[in-house]
$ cat target.cif   # mmCIF, C-alpha atoms
data_my_file
loop_
_atom_site.group_PDB
_atom_site.id
_atom_site.type_symbol
_atom_site.label_atom_id
_atom_site.label_comp_id
_atom_site.auth_asym_id
_atom_site.auth_seq_id
_atom_site.Cartn_x
_atom_site.Cartn_y
_atom_site.Cartn_z
ATOM 1 C CA MET L 1 0.696 17.459 11.216
ATOM 2 C CA SER L 2 -2.744 16.312 12.214
ATOM 3 C CA ALA L 3 -3.379 12.812 13.498
ATOM 4 C CA LEU L 4 -4.407 10.272 10.879
ATOM 5 C CA ASN L 5 -7.847 8.782 11.378
ATOM 6 C CA PHE L 6 -7.213 5.140 10.457
ATOM 7 C CA ASP L 7 -10.868 4.082 10.747
ATOM 8 C CA GLU L 8 -12.024 6.879 8.447
ATOM 9 C CA ILE L 9 -9.354 6.096 5.850
ATOM 10 C CA LEU L 10 -10.154 2.363 6.053
ATOM 11 C CA ALA L 11 -13.864 3.092 5.517
ATOM 12 C CA GLU L 12 -13.116 5.210 2.417
ATOM 13 C CA TRP L 13 -10.745 2.545 1.041
ATOM 14 C CA SER L 14 -13.327 -0.198 1.681
ATOM 15 C CA LYS L 15 -15.957 1.672 -0.361
ATOM 16 C CA VAL L 16 -13.679 1.376 -3.391
ATOM 17 C CA TYR L 17 -12.094 -2.060 -2.900
ATOM 18 C CA LEU L 18 -14.393 -4.271 -0.856
ATOM 19 C CA VAL L 19 -17.232 -4.266 -3.388
ATOM 20 C CA GLY L 20 -18.454 -6.590 -6.127
ATOM 21 C CA ASP L 21 -16.307 -9.720 -6.366
ATOM 22 C CA TYR L 22 -14.356 -8.496 -3.318
ATOM 23 C CA SER L 23 -17.372 -7.821 -1.081
ATOM 24 C CA ASP L 24 -16.668 -10.888 1.068
ATOM 25 C CA TRP L 25 -12.916 -10.204 1.336
ATOM 26 C CA LYS L 26 -11.233 -8.903 4.497
ATOM 27 C CA ILE L 27 -8.236 -6.712 5.122
ATOM 28 C CA GLN L 28 -5.473 -7.956 7.408
ATOM 29 C CA ILE L 29 -2.710 -5.717 8.737
ATOM 30 C CA ASP L 30 0.383 -7.309 10.236
ATOM 31 C CA GLU L 31 0.877 -6.417 13.889
ATOM 32 C CA ASP L 32 4.335 -4.984 13.225
ATOM 33 C CA ILE L 33 2.957 -2.352 10.834
ATOM 34 C CA ASN L 34 2.634 1.131 12.298
ATOM 35 C CA LYS L 35 -1.073 2.051 12.112
ATOM 36 C CA ASP L 36 -0.286 5.494 10.666
ATOM 37 C CA PHE L 37 1.801 3.839 7.947
ATOM 38 C CA ALA L 38 -1.075 1.453 7.215
ATOM 39 C CA ALA L 39 -3.404 4.469 6.944
ATOM 40 C CA ILE L 40 -0.990 6.099 4.479
ATOM 41 C CA ALA L 41 -0.846 2.870 2.446
ATOM 42 C CA LEU L 42 -4.643 2.639 2.263
ATOM 43 C CA PHE L 43 -4.949 6.331 1.430
ATOM 44 C CA LEU L 44 -2.429 6.048 -1.420
ATOM 45 C CA ASP L 45 -4.052 2.859 -2.708
ATOM 46 C CA ASN L 46 -7.461 4.560 -2.713
ATOM 47 C CA LYS L 47 -6.146 7.708 -4.420
ATOM 48 C CA THR L 48 -4.333 5.606 -7.035
ATOM 49 C CA ALA L 49 -7.595 3.842 -7.877
ATOM 50 C CA LYS L 50 -9.355 7.179 -8.235
ATOM 51 C CA ALA L 51 -6.490 8.497 -10.393
ATOM 52 C CA SER L 52 -7.065 5.638 -12.844
ATOM 53 C CA GLY L 53 -9.913 7.691 -14.314
ATOM 54 C CA GLU L 54 -7.465 10.486 -15.179
ATOM 55 C CA SER L 55 -5.105 10.665 -18.139
ATOM 56 C CA THR L 56 -2.633 7.808 -18.522
ATOM 57 C CA GLU L 57 0.337 10.063 -17.767
ATOM 58 C CA PHE L 58 -1.248 11.327 -14.550
ATOM 59 C CA TYR L 59 -2.261 7.834 -13.432
ATOM 60 C CA GLU L 60 1.147 6.277 -14.152
ATOM 61 C CA GLY L 61 2.919 9.148 -12.375
ATOM 62 C CA PHE L 62 0.674 8.896 -9.328
ATOM 63 C CA LYS L 63 1.010 5.100 -9.245
ATOM 64 C CA LYS L 64 4.802 5.314 -9.408
ATOM 65 C CA ALA L 65 4.914 7.926 -6.638
ATOM 66 C CA SER L 66 2.626 5.794 -4.459
ATOM 67 C CA PHE L 67 4.824 2.732 -4.927
ATOM 68 C CA GLN L 68 7.888 4.766 -3.989
ATOM 69 C CA VAL L 69 6.268 6.038 -0.771
ATOM 70 C CA LEU L 70 5.175 2.510 0.171
ATOM 71 C CA ASP L 71 8.685 1.268 -0.598
ATOM 72 C CA LEU L 72 10.130 3.954 1.696
ATOM 73 C CA LEU L 73 7.693 2.906 4.442
ATOM 74 C CA GLU L 74 8.636 -0.749 3.750
ATOM 75 C CA ILE L 75 5.014 -1.749 3.209
ATOM 76 C CA LEU L 76 3.483 -4.150 0.705
ATOM 77 C CA ILE L 77 -0.211 -4.497 -0.130
ATOM 78 C CA ALA L 78 -0.875 -7.992 -1.457
ATOM 79 C CA GLU L 79 -3.883 -10.156 -2.243
ATOM 80 C CA GLU L 80 -4.272 -13.711 -0.984
ATOM 81 C CA PRO L 81 -7.129 -14.989 -3.184
ATOM 82 C CA GLU L 82 -7.362 -18.420 -1.564
ATOM 83 C CA GLU L 83 -8.149 -16.812 1.790
ATOM 84 C CA LYS L 84 -9.961 -13.759 0.351
ATOM 85 C CA ILE L 85 -7.636 -11.418 2.230
ATOM 86 C CA ILE L 86 -5.944 -8.199 1.250
ATOM 87 C CA LYS L 87 -2.872 -8.000 3.424
ATOM 88 C CA ILE L 88 -0.713 -5.077 4.467
ATOM 89 C CA THR L 89 2.644 -6.507 5.400
ATOM 90 C CA SER L 90 6.272 -5.504 5.864
ATOM 91 C CA LYS L 91 8.797 -5.743 3.074
ATOM 92 C CA GLU L 92 12.399 -4.745 2.681
ATOM 93 C CA SER L 93 12.719 -1.484 0.774
ATOM 94 C CA THR L 94 14.608 -1.487 -2.502
ATOM 95 C CA ARG L 95 16.922 1.125 -0.958
ATOM 96 C CA ILE L 96 17.969 -1.308 1.811
ATOM 97 C CA ARG L 97 18.106 -4.233 -0.600
ATOM 98 C CA ASP L 98 20.327 -2.234 -2.969
ATOM 99 C CA GLN L 99 22.645 -1.271 -0.091
ATOM 100 C CA LYS L 100 22.972 -4.916 0.957
ATOM 101 C CA LEU L 101 23.628 -5.993 -2.616
ATOM 102 C CA ALA L 102 26.277 -3.295 -3.097
ATOM 103 C CA LYS L 103 27.993 -4.337 0.137
ATOM 104 C CA GLU L 104 27.897 -7.981 -0.954
ATOM 105 C CA ILE L 105 29.375 -7.157 -4.367
ATOM 106 C CA TRP L 106 31.925 -4.507 -3.391
ATOM 107 C CA GLY L 107 32.440 -5.209 0.295
#

$ encode --input "target.cif" --output "structure tokens"
Amino acid sequence: MSALNFDEILAEWSKVYLVGDYSDWKIQIDEDINKDFAAIALFLDNKTAKASGESTEFYEGFKKASFQVLDLLEILIAEEPEEKIIKITSKESTRIRDQKLAKEIWG
């Protein structure tokens, strides 16, 4: 597998997202996020936006797959409008959350 070029992926993502009303927004990546995982998150986010021009079935399928990959990587992309920041942060995957819930219910 080739090395991911984070700066290149960030530049491509920025061309799509940091324009218009978002031109003065910034991206913030939590320090505990693996940079390769952040690159994957930005890549998927960018490709999902581009897929929105495709058929509804294709777009919804791609969007769902992207969310599942980000869930596996335990990454969340969220907007903070008050601060004009798009943040990549850690989150607990639904897989882990479901395991904890099952253990809590059934022991």

$ residues_around --input "target.cif" --residues "region 68-70 of chain L" --least-positions-apart "4" --cutoff "12 Å" --atoms "all atoms listed in the file" --output "ChimeraX atom specification"
/L:33,37-45,61-64,74-77,88-95

$ closest_residue --input "target.cif" --among "L:Glu82, L:Asp71, L:Val16, L:Glu31" --to "Lys50 (chain L)" --atoms "only C-alpha atoms"
L:Val16

$ closest_residue --input "target.cif" --among "L:Ile85, L:Leu73, L:Ala65, L:Ile96" --to "Tyr17 (chain L)" --atoms "only C-alpha atoms"
L:Ile85

$ closest_residue --input "target.cif" --among "L:Lys47, L:Lys103, L:Lys15, L:Lys87" --to "Ile27 (chain L)" --atoms "only C-alpha atoms"
L:Lys87

$ atom_distance --input "target.cif" --atom1 "CA of Phe67 (chain L)" --atom2 "CA of Ile86 (chain L)"
16.5 Å

$ atom_distance --input "target.cif" --atom1 "CA of Glu8 (chain L)" --atom2 "CA of Thr56 (chain L)"
28.6 Å

$ closest_residue --input "target.cif" --among "L:Pro81, L:Glu60, L:Lys100, L:Phe6" --to "Ile29 (chain L)" --atoms "only C-alpha atoms"
L:Phe6

$ atom_distance --input "target.cif" --atom1 "CA of Gly20 (chain L)" --atom2 "CA of Leu4 (chain L)"
27.8 Å

$ closest_residue --input "target.cif" --among "L:Ala3, L:Lys84, L:Gly107, L:Leu10" --to "Ser23 (chain L)" --atoms "all atoms listed in the file"
L:Lys84

$ closest_residue --input "target.cif" --among "L:Ser66, L:Ala11, L:Arg97, L:Lys35" --to "Ala49 (chain L)" --atoms "all atoms listed in the file"
L:Ser66

$ decode --input "target.cif" --residues "region 9-21 of chain L" --atoms "N, CA and C atoms" --output "short mmCIF file (atom, residue, chain, number, x, y, z; two decimals), in the first residue's frame"
data_model
loop_
_atom_site.label_atom_id
_atom_site.label_comp_id
_atom_site.auth_asym_id
_atom_site.auth_seq_id
_atom_site.Cartn_x
_atom_site.Cartn_y
_atom_site.Cartn_z
N ILE L 9 -4.46 15.31 -0.14
CA ILE L 9 -5.87 14.98 0.09
C ILE L 9 -6.59 16.16 0.74
N LEU L 10 -5.94 16.82 1.69
CA LEU L 10 -6.53 18.00 2.34
C LEU L 10 -6.77 19.11 1.32
N ALA L 11 -5.83 19.33 0.41
CA ALA L 11 -5.98 20.36 -0.62
C ALA L 11 -7.18 20.06 -1.52
N GLU L 12 -7.33 18.80 -1.93
CA GLU L 12 -8.47 18.41 -2.78
C GLU L 12 -9.79 18.58 -2.03
N TRP L 13 -9.82 18.17 -0.76
CA TRP L 13 -11.02 18.31 0.06
C TRP L 13 -11.39 19.79 0.22
N SER L 14 -10.37 20.62 0.47
CA SER L 14 -10.60 22.06 0.68
C SER L 14 -11.21 22.73 -0.54
N LYS L 15 -10.84 22.28 -1.74
CA LYS L 15 -11.39 22.85 -2.97
C LYS L 15 -12.90 22.64 -3.06
N VAL L 16 -13.40 21.59 -2.42
CA VAL L 16 -14.82 21.28 -2.46
C VAL L 16 -15.56 21.93 -1.29
N TYR L 17 -14.96 21.89 -0.10
CA TYR L 17 -15.67 22.29 1.12
C TYR L 17 -15.38 23.71 1.62
N LEU L 18 -14.19 24.18 1.46
CA LEU L 18 -13.85 25.49 2.03
C LEU L 18 -14.01 26.58 0.98
N VAL L 19 -15.23 26.65 0.43
CA VAL L 19 -15.57 27.64 -0.60
C VAL L 19 -16.90 28.29 -0.23
N GLY L 20 -17.21 29.38 -0.89
CA GLY L 20 -18.49 30.06 -0.66
C GLY L 20 -18.65 30.48 0.79
N ASP L 21 -19.78 30.09 1.38
CA ASP L 21 -20.06 30.44 2.78
C ASP L 21 -19.04 29.85 3.75
#
